[in-house]
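Enquirer: First, the structure itself, so that you have it in front of you.
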Amino acid sequence: MSHVLSAVAWPYANGPRHLGHVAGFGVPSDVFSRYMRMAGHDVLMVSGSDEHGTPILVQAEKAGMSPQEFIDANHRLIAQDLTLLGVSYDLYTRTTTANHDHVVQEMFLANYRNGYMVQESQQVAISPSTGRTLPDRYIEGTCPICGYGEARGDQCDHCGNQLDPADLLDPRSKINGETPQFQDTQHFFLDLPALAEALGQWLDDREASGLWRPNVIKFSKNILEEIRPRAMTRDIDWGITIPLPGWAENPNKKLYVWFDAVIGYLSAAVEWSRRLPGEGATQERWREWWNDPDALAYYFMGKDNITFHSQIWPAELLGHNGQGSRGGEPGPFGMLNLPTEVVSSEFLTMEGKQFSTSRSVVIYVRDVLERYQPDAVRYFLSAAAPETADSDFNWPEFVKRTNNELVAGWGNLVNRTASMIAKNFGQIPPAGPLEELDRHLQQQIADGFERVGHLIATHKQKAALTEAMHLVAVTNAYVSATEPFKLKGEDQRERLGTVLHVLAQAVVDLNTMLSPYLPHSSTVVHQAFGGEGVFQPMPVIEEVSDLDDPSRPDYPVITGDYSDAPRWEHRPITVGAPVAKPTPIFTKLDPSVIDEERARLGLVEQDSV
């Protein structure tokens with residue numbers, strides 16, 4: 001058994017989540033975490049809402065709300081979205097807690113004391129109309145290196161190089177299109193060149209492991225070639241105070257949102273420990289995932305966040321640990337573990353277009369879950385996962401996969417097996433002598449546990465789901481070959497019982513394999529074959545108070561008790577367990593929903609022009 005940290009990207013609290021978001025971080029991290037718990041590992045799955053930065057100020061102002069009101073509303077919406085989807089966080093929290101402030105400031109001070117946080121002058125972009133600092137990602141222009149016309153102020157997604165806003169040719173504000181003004185100001189920079197050798201060695205080790213997706217390791221090593229100091233503070237009044245004399249008193253200087261957001265993985269683990277019942281060592285349990293060199297840490301996100309997770313965050317950790325070229329002593333959190341793997345997905349497009357809230361090319365999680373089953377959504381996002389290449393969400397494919405695979409494949413196998421048992425026996429019958437095709441099916445299902453489990457553990461979730469659904473097809477073929485519906489005579493009753501016993505066992509085992517993908521419906525299948533209680537534990541929302549500052553508002557967190565997660569193994573069925581006539585598990589979709597959904601997006605009229 002290993003300690004496994006499942007570190008999930010922090011959604012920005014500027015609105016509810018859309019399917020493009022959860023395809024990259026939400027569903028993949030949950031499938032992995034659920035499987036690892038089932039495989040016997042001690043998993044800690046953490047994340048939260050990222051709530052600092054200029055974009056929050058800009059959008060709160062547009063909404064006629066204070067920043068606190070704005071993030072309070074959006075944090076609640078995001079927590080509800082992710083809970084409805086069934087993402088099994090141990091703790092989903094937020095960055096505007098006093099606990100997070102403390103952990104971030106301690107990380108800053110550790111890097112500062114070890115010489116990796118240095119003061120330099122920087123040209124920053126200012127909005128001429130508001131006088132407010134523009135965040136890097138709110139500035140677009142032409143990349144000076146490759147000529148790409150839509151490079152951002154922090155990096156070019158086309159060539160992967162790190163940029164500063166002042167580097168861009170023809171820079172413009174994404175807020176209103178105006179040309180920003182640049183002025184010099186003092187800031188603290190993370191001295192990445194002093195950490196470059198250690199970062200390079202870490203990436204070399206990760207590449208040698210052969211575990212990282214090739215696109216992720218290649219991108220990560222490319223950005224290392226152009227490494228330079230990176231500003232970790234901003235001219236802004238919404239954020240975490242810089243904990244140094246002369247800086248702490250300045251209300252318009254704060255730590256950069258991307259410096260503090262990635263530290264959330266650590267602060268959330270600390271908060272989780274502090275909220276456990278008990279005192280002393282219990283509240284230091286986070287160290288089991290962060291200080292134990294044998295612990296594993298997997299970070300889930302979309303490809304636009306690779307820079308921060310394979311360069312900035314590891315550099316912060318190395319600086320805290322005193323492992324750069326300047327040496328140093330480990331900070332207050334001890335020797336912190338670097339990521340075992342950065343599990344980055346490519347983009348999910350929608351009807352061939354990149355998801356964009358500003359351009360109304362968007363399907364919100366909340367909207368789709370109001371009309372469709374959460375497991376149908378999870379299934380599609382897993383089957384069409386953008387693991388190593390962009391993939392597309394389109395309504396014809398969603399309807400096709402739901403009807404042909406979930407309903408006609410898995411759902412039909414479950415329903416007709418339970419129906420035949422209910423009609424002929426009313427309970428799971430005993431097995432008589434097994435024939436060769438019975439034993440062959442049993443062996444294929446038994447082998448499936450290792451094959452499917454290995455694929456999930458190595459982040460090949462699409463292939464794992466394909467393998468599990470192949471076994472569903474094999475089991476359906478067994479029904480066609482044995483034809484239990486034709487075994488009607490008394491002299492055939494033992495054979496009928498044997499076939500249905502073998503089928504029931506196959507369904508129960510397949511339900512175990514599919515449950516990380518389909519946690520909601522797994523309980524329905526479990527109970528249909530005589531099981532009791534919930535099969536896959538589900539997340540819940542709890543209202544909590546700030547641990548350190550009672551003046552801060554109460555807030556919702558996602559949490560859950562997943563200690564009763566089923567084991568990833570064959571579980572013998574119980575002869576005599578009652579089986580009643582089932583109801584359909586999955587809802588078949590009428591093809592008319594394709595035009596209805598595309599019309600909601602304004603695509604039907606557009607395509608007919």
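Note on naming: chains are A, B, ... as they come in the structure tokens, residues start from 1 per chain, ligands start from 1 in the order shown.
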Show me a table, sorted first by chain and then by increasing residue number, of the residues of stretch 332-379 of chain A having an atom at most 12 Å from stretch 395-415 of chain A, each with its shortest atom pair and the distance in Å to one decimal, counting only C-alpha atoms and written as CSV.
Expert:
```
residue,atom,partner,partner_atom,distance
A:Thr349,CA,A:Trp395,CA,12.0
A:Met350,CA,A:Trp395,CA,9.0
A:Glu351,CA,A:Trp395,CA,7.8
A:Gly352,CA,A:Trp395,CA,11.2
A:Ile363,CA,A:Trp395,CA,10.9
A:Val368,CA,A:Trp395,CA,11.3
A:Tyr372,CA,A:Thr402,CA,10.1
A:Gln373,CA,A:Thr402,CA,10.0
A:Pro374,CA,A:Thr402,CA,11.5
A:Asp375,CA,A:Leu406,CA,9.3
A:Ala376,CA,A:Thr402,CA,6.3
A:Val377,CA,A:Phe398,CA,8.3
A:Arg378,CA,A:Thr402,CA,10.6
A:Tyr379,CA,A:Thr402,CA,8.1
```
Enquirer: Could you save the residues just selected, with C-alpha atoms, as a CSV table (one decimal), in the first residue's frame?
Expert:
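Generated file (part_18.csv):
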```
chain,number,residue,atom,x,y,z
A,349,THR,CA,-13.6,21.1,-28.1
A,350,MET,CA,-17.3,21.5,-28.5
A,351,GLU,CA,-18.8,20.8,-31.9
A,352,GLY,CA,-15.4,21.5,-33.4
A,363,ILE,CA,-21.9,23.6,-22.1
A,368,VAL,CA,-26.1,19.2,-18.8
A,372,TYR,CA,-28.9,13.9,-18.5
A,373,GLN,CA,-27.7,11.3,-16.0
A,374,PRO,CA,-24.3,12.1,-14.4
A,375,ASP,CA,-22.9,8.7,-15.3
A,376,ALA,CA,-23.8,9.2,-19.0
A,377,VAL,CA,-21.8,12.5,-18.9
A,378,ARG,CA,-18.9,10.8,-17.1
A,379,TYR,CA,-18.9,7.9,-19.5
```
Enquirer: Got a sec: who's within 8 Å of A:Phe529, counting only C-alpha atoms, leaving out chain neighbours fewer than 5 positions off, as a PyMOL selection string?
Expert: chain A and resi 418+428+504+508+577-579
Enquirer: When you look at A:Gly264 with a cut-off of 7 Å (counting only C-alpha atoms), what residues show up, excluding the ones that are within fewer than 3 positions of it in the same chain? I need them as a PyMOL selection string.
Expert: chain A and resi 95+100+260-261+267-268
Enquirer: Those selected residues, please, written with C-alpha atoms and delivered as a compact mmCIF listing (two decimals), in the first residue's frame.
Expert:
```
# COMPACT_ATOMS: atom_id res chain seq x y z
CA THR A 95 -7.82 29.90 -1.34
CA HIS A 100 -4.10 28.99 3.08
CA ASP A 260 -0.50 31.04 -4.15
CA ALA A 261 -2.87 28.81 -6.15
CA SER A 267 -2.58 24.00 2.22
CA ALA A 268 -5.63 21.85 1.43
```
Enquirer: Neighbouring residues of stretch 284-289 of chain A were defined as those with any atom within 10 Å, considering only C-alpha atoms; residues of the same chain fewer than 2 positions away were excluded. Please report them as a short mmCIF file (atom, residue, chain, number, x, y, z; two decimals) with all heavy atoms, in the first residue's frame.
Expert:
```cif
data_model
loop_
_atom_site.label_atom_id
_atom_site.label_comp_id
_atom_site.auth_asym_id
_atom_site.auth_seq_id
_atom_site.Cartn_x
_atom_site.Cartn_y
_atom_site.Cartn_z
N SER A 2 0.50 2.22 -0.79
CA SER A 2 1.23 3.48 -0.86
C SER A 2 0.32 4.64 -0.45
O SER A 2 -0.91 4.55 -0.56
CB SER A 2 1.73 3.73 -2.29
OG SER A 2 2.64 2.74 -2.70
N HIS A 3 0.95 5.72 -0.01
CA HIS A 3 0.22 6.97 0.16
C HIS A 3 0.20 7.66 -1.19
O HIS A 3 1.25 7.88 -1.80
CB HIS A 3 0.92 7.85 1.21
CG HIS A 3 0.70 7.39 2.61
ND1 HIS A 3 1.56 6.54 3.26
CD2 HIS A 3 -0.31 7.65 3.48
CE1 HIS A 3 1.11 6.31 4.48
NE2 HIS A 3 -0.03 6.97 4.65
N VAL A 4 -0.98 7.98 -1.67
CA VAL A 4 -1.15 8.55 -3.00
C VAL A 4 -1.86 9.89 -2.88
O VAL A 4 -3.00 9.96 -2.41
CB VAL A 4 -1.94 7.61 -3.92
CG1 VAL A 4 -2.21 8.27 -5.26
CG2 VAL A 4 -1.21 6.29 -4.11
N LEU A 5 -1.15 10.96 -3.28
CA LEU A 5 -1.76 12.28 -3.33
C LEU A 5 -2.36 12.49 -4.71
O LEU A 5 -1.66 12.41 -5.71
CB LEU A 5 -0.72 13.37 -3.04
CG LEU A 5 -1.23 14.81 -3.12
CD1 LEU A 5 -2.17 15.11 -1.96
CD2 LEU A 5 -0.07 15.80 -3.15
N SER A 6 -3.65 12.74 -4.74
CA SER A 6 -4.33 13.07 -5.98
C SER A 6 -4.60 14.57 -5.94
O SER A 6 -5.52 15.03 -5.26
CB SER A 6 -5.63 12.27 -6.10
OG SER A 6 -6.22 12.44 -7.36
N ASP A 42 -3.74 4.40 0.16
CA ASP A 42 -4.27 5.44 1.04
C ASP A 42 -4.24 6.75 0.26
O ASP A 42 -3.20 7.40 0.12
CB ASP A 42 -3.41 5.55 2.30
CG ASP A 42 -4.13 6.27 3.43
OD1 ASP A 42 -5.18 6.89 3.16
OD2 ASP A 42 -3.64 6.21 4.58
N VAL A 43 -5.39 7.12 -0.30
CA VAL A 43 -5.48 8.25 -1.22
C VAL A 43 -5.93 9.51 -0.48
O VAL A 43 -6.85 9.46 0.34
CB VAL A 43 -6.47 7.93 -2.37
CG1 VAL A 43 -6.68 9.15 -3.26
CG2 VAL A 43 -5.98 6.74 -3.18
N LEU A 44 -5.28 10.61 -0.79
CA LEU A 44 -5.73 11.92 -0.33
C LEU A 44 -5.97 12.77 -1.57
O LEU A 44 -5.03 13.14 -2.28
CB LEU A 44 -4.68 12.58 0.57
CG LEU A 44 -5.05 13.97 1.12
CD1 LEU A 44 -6.33 13.93 1.94
CD2 LEU A 44 -3.90 14.57 1.93
N LEU A 266 -0.86 21.85 -1.05
CA LEU A 266 -0.30 21.64 0.29
C LEU A 266 -1.23 22.19 1.36
O LEU A 266 -1.51 21.51 2.36
CB LEU A 266 1.08 22.32 0.39
CG LEU A 266 1.75 22.31 1.76
CD1 LEU A 266 1.97 20.89 2.26
CD2 LEU A 266 3.07 23.08 1.70
N SER A 267 -1.73 23.40 1.17
CA SER A 267 -2.58 24.00 2.22
C SER A 267 -3.88 23.22 2.40
O SER A 267 -4.40 23.12 3.51
CB SER A 267 -2.87 25.47 1.90
OG SER A 267 -3.74 25.61 0.80
N ALA A 268 -4.41 22.66 1.32
CA ALA A 268 -5.63 21.85 1.43
C ALA A 268 -5.36 20.57 2.22
O ALA A 268 -6.20 20.14 3.02
CB ALA A 268 -6.18 21.51 0.05
N ALA A 269 -4.19 19.97 2.01
CA ALA A 269 -3.83 18.78 2.79
C ALA A 269 -3.69 19.13 4.26
O ALA A 269 -4.13 18.38 5.15
CB ALA A 269 -2.53 18.18 2.25
N VAL A 270 -3.08 20.29 4.54
CA VAL A 270 -2.95 20.74 5.93
C VAL A 270 -4.33 20.99 6.53
O VAL A 270 -4.62 20.58 7.67
CB VAL A 270 -2.08 22.01 6.00
CG1 VAL A 270 -2.09 22.59 7.42
CG2 VAL A 270 -0.65 21.71 5.56
N GLU A 271 -5.21 21.66 5.78
CA GLU A 271 -6.55 21.93 6.30
C GLU A 271 -7.31 20.63 6.54
O GLU A 271 -8.00 20.48 7.56
CB GLU A 271 -7.34 22.81 5.32
CG GLU A 271 -8.75 23.14 5.83
CD GLU A 271 -9.56 23.98 4.87
OE1 GLU A 271 -8.99 24.56 3.92
OE2 GLU A 271 -10.80 24.06 5.08
N TRP A 272 -7.19 19.68 5.62
CA TRP A 272 -7.84 18.37 5.80
C TRP A 272 -7.41 17.74 7.11
O TRP A 272 -8.24 17.25 7.89
CB TRP A 272 -7.51 17.47 4.62
CG TRP A 272 -7.95 16.04 4.81
CD1 TRP A 272 -9.21 15.54 4.63
CD2 TRP A 272 -7.13 14.95 5.23
NE1 TRP A 272 -9.22 14.19 4.92
CE2 TRP A 272 -7.97 13.80 5.29
CE3 TRP A 272 -5.78 14.82 5.56
CZ2 TRP A 272 -7.48 12.55 5.66
CZ3 TRP A 272 -5.30 13.58 5.94
CH2 TRP A 272 -6.15 12.46 5.98
N SER A 273 -6.10 17.75 7.37
CA SER A 273 -5.59 17.16 8.61
C SER A 273 -6.13 17.89 9.83
O SER A 273 -6.52 17.27 10.83
CB SER A 273 -4.06 17.22 8.64
OG SER A 273 -3.48 16.38 7.68
N ARG A 274 -6.16 19.21 9.75
CA ARG A 274 -6.60 20.00 10.89
C ARG A 274 -8.09 19.80 11.18
O ARG A 274 -8.54 20.03 12.31
CB ARG A 274 -6.30 21.47 10.65
CG ARG A 274 -4.81 21.80 10.59
CD ARG A 274 -4.59 23.29 10.39
NE ARG A 274 -5.08 24.05 11.54
CZ ARG A 274 -5.29 25.36 11.52
NH1 ARG A 274 -5.07 26.06 10.41
NH2 ARG A 274 -5.73 25.99 12.61
N LEU A 276 -9.59 16.89 10.92
CA LEU A 276 -9.81 15.54 11.42
C LEU A 276 -10.10 15.57 12.92
O LEU A 276 -9.54 16.40 13.64
CB LEU A 276 -8.59 14.66 11.17
CG LEU A 276 -8.25 14.31 9.73
CD1 LEU A 276 -6.93 13.56 9.67
CD2 LEU A 276 -9.36 13.47 9.09
N GLU A 279 -6.27 15.29 18.08
CA GLU A 279 -5.25 16.33 18.19
C GLU A 279 -3.87 15.73 17.94
O GLU A 279 -3.73 14.55 17.66
CB GLU A 279 -5.30 16.98 19.59
CG GLU A 279 -6.62 17.66 19.92
CD GLU A 279 -6.65 18.23 21.33
OE1 GLU A 279 -5.66 18.01 22.05
OE2 GLU A 279 -7.65 18.88 21.69
N GLY A 280 -2.85 16.58 18.07
CA GLY A 280 -1.47 16.11 17.99
C GLY A 280 -1.13 15.53 16.64
O GLY A 280 -1.26 16.18 15.60
N ALA A 281 -0.68 14.26 16.64
CA ALA A 281 -0.21 13.61 15.42
C ALA A 281 -1.29 13.56 14.35
O ALA A 281 -1.00 13.61 13.15
CB ALA A 281 0.29 12.20 15.74
N THR A 282 -2.54 13.48 14.77
CA THR A 282 -3.63 13.42 13.79
C THR A 282 -3.62 14.64 12.90
O THR A 282 -3.83 14.55 11.68
CB THR A 282 -4.99 13.31 14.52
OG1 THR A 282 -5.00 12.11 15.29
CG2 THR A 282 -6.14 13.26 13.52
N ASN A 291 5.86 14.34 3.10
CA ASN A 291 7.24 14.16 3.58
C ASN A 291 7.78 12.74 3.39
O ASN A 291 9.00 12.54 3.41
CB ASN A 291 7.36 14.53 5.06
CG ASN A 291 7.11 16.01 5.35
OD1 ASN A 291 6.68 16.37 6.43
ND2 ASN A 291 7.37 16.88 4.38
N ASP A 292 6.91 11.78 3.23
CA ASP A 292 7.35 10.40 3.03
C ASP A 292 7.90 10.27 1.61
O ASP A 292 7.16 10.43 0.63
CB ASP A 292 6.17 9.45 3.22
CG ASP A 292 6.54 7.99 3.00
OD1 ASP A 292 7.70 7.70 2.63
OD2 ASP A 292 5.66 7.11 3.18
N PRO A 293 9.20 9.97 1.44
CA PRO A 293 9.78 9.90 0.09
C PRO A 293 9.18 8.79 -0.77
O PRO A 293 9.33 8.81 -2.00
CB PRO A 293 11.27 9.66 0.36
CG PRO A 293 11.33 9.11 1.75
CD PRO A 293 10.19 9.72 2.50
N ASP A 294 8.51 7.84 -0.15
CA ASP A 294 7.89 6.76 -0.92
C ASP A 294 6.46 7.08 -1.34
O ASP A 294 5.84 6.32 -2.09
CB ASP A 294 7.87 5.46 -0.09
CG ASP A 294 9.28 4.92 0.15
OD1 ASP A 294 10.13 5.09 -0.75
OD2 ASP A 294 9.52 4.37 1.24
N ALA A 295 5.93 8.20 -0.86
CA ALA A 295 4.57 8.59 -1.25
C ALA A 295 4.58 9.02 -2.72
O ALA A 295 5.59 9.48 -3.26
CB ALA A 295 4.07 9.72 -0.36
N LEU A 296 3.42 8.87 -3.36
CA LEU A 296 3.27 9.21 -4.77
C LEU A 296 2.34 10.42 -4.90
O LEU A 296 1.39 10.56 -4.12
CB LEU A 296 2.68 8.02 -5.55
CG LEU A 296 3.47 6.71 -5.43
CD1 LEU A 296 2.69 5.56 -6.07
CD2 LEU A 296 4.84 6.84 -6.07
N ALA A 297 2.62 11.27 -5.89
CA ALA A 297 1.81 12.48 -6.06
C ALA A 297 1.50 12.69 -7.54
O ALA A 297 2.42 12.80 -8.36
CB ALA A 297 2.54 13.70 -5.50
N PHE A 333 7.83 23.12 6.51
CA PHE A 333 7.02 21.95 6.14
C PHE A 333 7.88 20.71 5.89
O PHE A 333 7.37 19.68 5.47
CB PHE A 333 6.17 22.27 4.91
CG PHE A 333 5.27 23.46 5.12
CD1 PHE A 333 5.50 24.65 4.46
CD2 PHE A 333 4.20 23.39 6.01
CE1 PHE A 333 4.68 25.76 4.65
CE2 PHE A 333 3.39 24.49 6.22
CZ PHE A 333 3.62 25.67 5.54
N GLY A 334 9.20 20.83 6.16
CA GLY A 334 10.08 19.68 5.97
C GLY A 334 10.42 19.48 4.50
O GLY A 334 10.14 20.32 3.65
N MET A 335 11.02 18.35 4.18
CA MET A 335 11.39 18.05 2.79
C MET A 335 10.11 17.64 2.05
O MET A 335 9.58 16.53 2.24
CB MET A 335 12.42 16.93 2.74
CG MET A 335 13.80 17.36 3.22
SD MET A 335 14.60 18.60 2.15
CE MET A 335 14.96 17.61 0.71
N LEU A 336 9.65 18.52 1.20
CA LEU A 336 8.39 18.30 0.49
C LEU A 336 8.62 17.51 -0.79
O LEU A 336 9.59 17.75 -1.52
CB LEU A 336 7.73 19.63 0.17
CG LEU A 336 7.26 20.46 1.37
CD1 LEU A 336 6.83 21.85 0.93
CD2 LEU A 336 6.11 19.75 2.09
N ASN A 337 7.71 16.59 -1.09
CA ASN A 337 7.81 15.77 -2.29
C ASN A 337 7.44 16.55 -3.55
O ASN A 337 6.48 17.31 -3.55
CB ASN A 337 6.88 14.56 -2.20
CG ASN A 337 7.27 13.61 -1.09
OD1 ASN A 337 8.44 13.52 -0.72
ND2 ASN A 337 6.30 12.88 -0.56
#
```
Enquirer: Would you pick out the contacts of A:Thr523 at 10 Å or less, using only C-alpha atoms, so that residues sharing its chain but fewer than 4 positions from it are not included, and give the list as JSON, numbers by chain?
Expert: {"A": [511, 515, 518, 519, 527, 528, 531, 532, 533, 534, 535, 536, 537]}
Enquirer: Using only C-alpha atoms, determine which residues lie at most 7 Å from A:Tyr364, disregarding the query and same-chain residues fewer than 4 positions distant; provide the list as an MDAnalysis selection string.
Expert: chainID A and resid 16:19 368
Enquirer: Residues of the last selection are to be written out with all heavy atoms, as an mmCIF file, in the first residue's frame.
Expert:
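Contents of again21.cif, as written:
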```
data_model
loop_
_atom_site.group_PDB
_atom_site.id
_atom_site.type_symbol
_atom_site.label_atom_id
_atom_site.label_comp_id
_atom_site.auth_asym_id
_atom_site.auth_seq_id
_atom_site.Cartn_x
_atom_site.Cartn_y
_atom_site.Cartn_z
ATOM 1 N N PRO A 16 -19.434 29.075 -12.997
ATOM 2 C CA PRO A 16 -19.604 27.627 -12.947
ATOM 3 C C PRO A 16 -18.714 26.923 -13.960
ATOM 4 O O PRO A 16 -18.214 27.545 -14.907
ATOM 5 C CB PRO A 16 -21.095 27.442 -13.274
ATOM 6 C CG PRO A 16 -21.462 28.662 -14.057
ATOM 7 C CD PRO A 16 -20.635 29.776 -13.486
ATOM 8 N N ARG A 17 -18.511 25.639 -13.769
ATOM 9 C CA ARG A 17 -17.614 24.872 -14.641
ATOM 10 C C ARG A 17 -18.350 24.389 -15.897
ATOM 11 O O ARG A 17 -19.523 24.054 -15.863
ATOM 12 C CB ARG A 17 -17.060 23.655 -13.906
ATOM 13 C CG ARG A 17 -16.210 23.971 -12.710
ATOM 14 C CD ARG A 17 -14.991 24.805 -13.059
ATOM 15 N NE ARG A 17 -15.280 26.236 -13.040
ATOM 16 C CZ ARG A 17 -14.456 27.176 -13.466
ATOM 17 N NH1 ARG A 17 -13.283 26.858 -13.949
ATOM 18 N NH2 ARG A 17 -14.801 28.450 -13.418
ATOM 19 N N HIS A 18 -17.602 24.334 -17.004
ATOM 20 C CA HIS A 18 -18.164 23.746 -18.216
ATOM 21 C C HIS A 18 -17.490 22.399 -18.484
ATOM 22 O O HIS A 18 -16.526 22.012 -17.809
ATOM 23 C CB HIS A 18 -18.077 24.706 -19.407
ATOM 24 C CG HIS A 18 -16.678 25.141 -19.795
ATOM 25 N ND1 HIS A 18 -15.689 24.263 -20.175
ATOM 26 C CD2 HIS A 18 -16.138 26.383 -19.898
ATOM 27 C CE1 HIS A 18 -14.599 24.920 -20.495
ATOM 28 N NE2 HIS A 18 -14.831 26.215 -20.322
ATOM 29 N N LEU A 19 -18.001 21.672 -19.472
ATOM 30 C CA LEU A 19 -17.515 20.319 -19.718
ATOM 31 C C LEU A 19 -16.038 20.290 -20.106
ATOM 32 O O LEU A 19 -15.336 19.320 -19.818
ATOM 33 C CB LEU A 19 -18.349 19.644 -20.812
ATOM 34 C CG LEU A 19 -19.807 19.335 -20.457
ATOM 35 C CD1 LEU A 19 -20.463 18.534 -21.578
ATOM 36 C CD2 LEU A 19 -19.916 18.572 -19.137
ATOM 37 N N VAL A 368 -26.077 20.496 -18.181
ATOM 38 C CA VAL A 368 -26.149 19.164 -18.772
ATOM 39 C C VAL A 368 -26.626 18.133 -17.742
ATOM 40 O O VAL A 368 -27.342 17.189 -18.079
ATOM 41 C CB VAL A 368 -24.795 18.780 -19.409
ATOM 42 C CG1 VAL A 368 -23.787 18.324 -18.377
ATOM 43 C CG2 VAL A 368 -24.968 17.712 -20.469
#
```
Enquirer: For the interface of stretch 225-340 of chain A with stretch 459-468 of chain A (cut-off 12 Å, counting only C-alpha atoms), please tabulate each contacting residue of stretch 225-340 of chain A alongside its nearest pair of atoms and their separation in Å to one decimal, rows sorted by chain and increasing number, as a Markdown table.
Expert:
```
| residue | atom | partner | partner_atom | distance |
| --- | --- | --- | --- | --- |
| A:Tyr298 | CA | A:His459 | CA | 10.0 |
| A:Tyr299 | CA | A:His459 | CA | 11.3 |
| A:Phe300 | CA | A:His459 | CA | 10.2 |
```
Enquirer: List every residue of stretch 398-599 of chain A that DSSP, applied to the backbone of this structure, places in helix (DSSP H, G or I), and write the result as a ChimeraX atom specification.
Expert: /A:398-424,436-457,461-482,484-486,490-514,519-528,592-599
Enquirer: Which one is closest to A:Ser563: A:Met538, A:Leu91, A:Ile126, A:Val593? Count only C-alpha atoms.
Expert: A:Met538
Enquirer: Residues at most 9 Å from A:Gly149, counting only C-alpha atoms, excluding those fewer than 5 positions away in the same chain, as a list of chain:residue names?
Expert: A:Glu140, A:Gly141, A:Thr142, A:Cys143, A:Leu169
Enquirer: Any chance you could tabulate, as JSON lines, the residues of stretch 317-428 of chain A at most 12 Å from stretch 441-458 of chain A with each one's nearest atom pair and distance in Å to one decimal, using only C-alpha atoms, in chain and rising number order?
Expert:
```
{"residue": "A:Thr340", "atom": "CA", "partner": "A:Thr458", "partner_atom": "CA", "distance": 11.7}
{"residue": "A:Glu341", "atom": "CA", "partner": "A:Thr458", "partner_atom": "CA", "distance": 10.0}
{"residue": "A:Val342", "atom": "CA", "partner": "A:Thr458", "partner_atom": "CA", "distance": 11.8}
{"residue": "A:Val343", "atom": "CA", "partner": "A:Thr458", "partner_atom": "CA", "distance": 9.8}
{"residue": "A:Ser382", "atom": "CA", "partner": "A:Ile456", "partner_atom": "CA", "distance": 11.2}
{"residue": "A:Glu387", "atom": "CA", "partner": "A:Thr458", "partner_atom": "CA", "distance": 11.7}
```
Enquirer: Given the choices A:Val525, A:Ile240, A:Ala383, A:Ile217, which gets closest to A:Ser310 if the distance is worked out from only C-alpha atoms?
Expert: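 Selected residue with least distance to A:Ser310: A:Ile217.
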Enquirer: From the set A:Arg213, A:Arg113, A:Lys588, A:Lys221, which residue has the shortest atom-to-atom contact distance to A:Asn161, counting only C-alpha atoms?
Expert: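 Using only C-alpha atoms, A:Asn161 sits closest to A:Lys221.
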Enquirer: Calculated over only C-alpha atoms, which of the candidates A:Gly48, A:Gly153, A:Gly40, A:Gly131 has the smallest distance to A:Pro11?
Expert: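 Comparing A:Gly48, A:Gly153, A:Gly40, A:Gly131 against A:Pro11, the winner is A:Gly48.
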Enquirer: By how many Å are atom CA of A:Gln311 and atom CA of A:Pro165 apart?
Expert: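 Calculated distance between atom CA of A:Gln311 and atom CA of A:Pro165 is 18.9 Å.
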Enquirer: Could you tell me how far atom CA of A:Phe219 sits from atom CA of A:Val124, in Å to one decimal place?
Expert: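 Distance reported for this atom pair: 26.5 Å.
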Enquirer: Hey, can you check how far atom CA of A:Lys174 sits from atom CA of A:Arg137?
Expert: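 Between these atoms lies a distance of 8.4 Å.
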Enquirer: Pick the closest to A:Asp205 from A:Asp191, A:Gln155, A:Ile56, A:Leu338: which is it, counting only C-alpha atoms?
Expert: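 Among A:Asp191, A:Gln155, A:Ile56, A:Leu338, it is A:Leu338 that comes nearest to A:Asp205.
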Enquirer: Just list as an MDAnalysis selection string whatever in stretch 71-189 of chain A DSSP marks as strand (DSSP E).
Expert: chainID A and resid 91:94 117:126 139:142 151:152 169:173 181:189
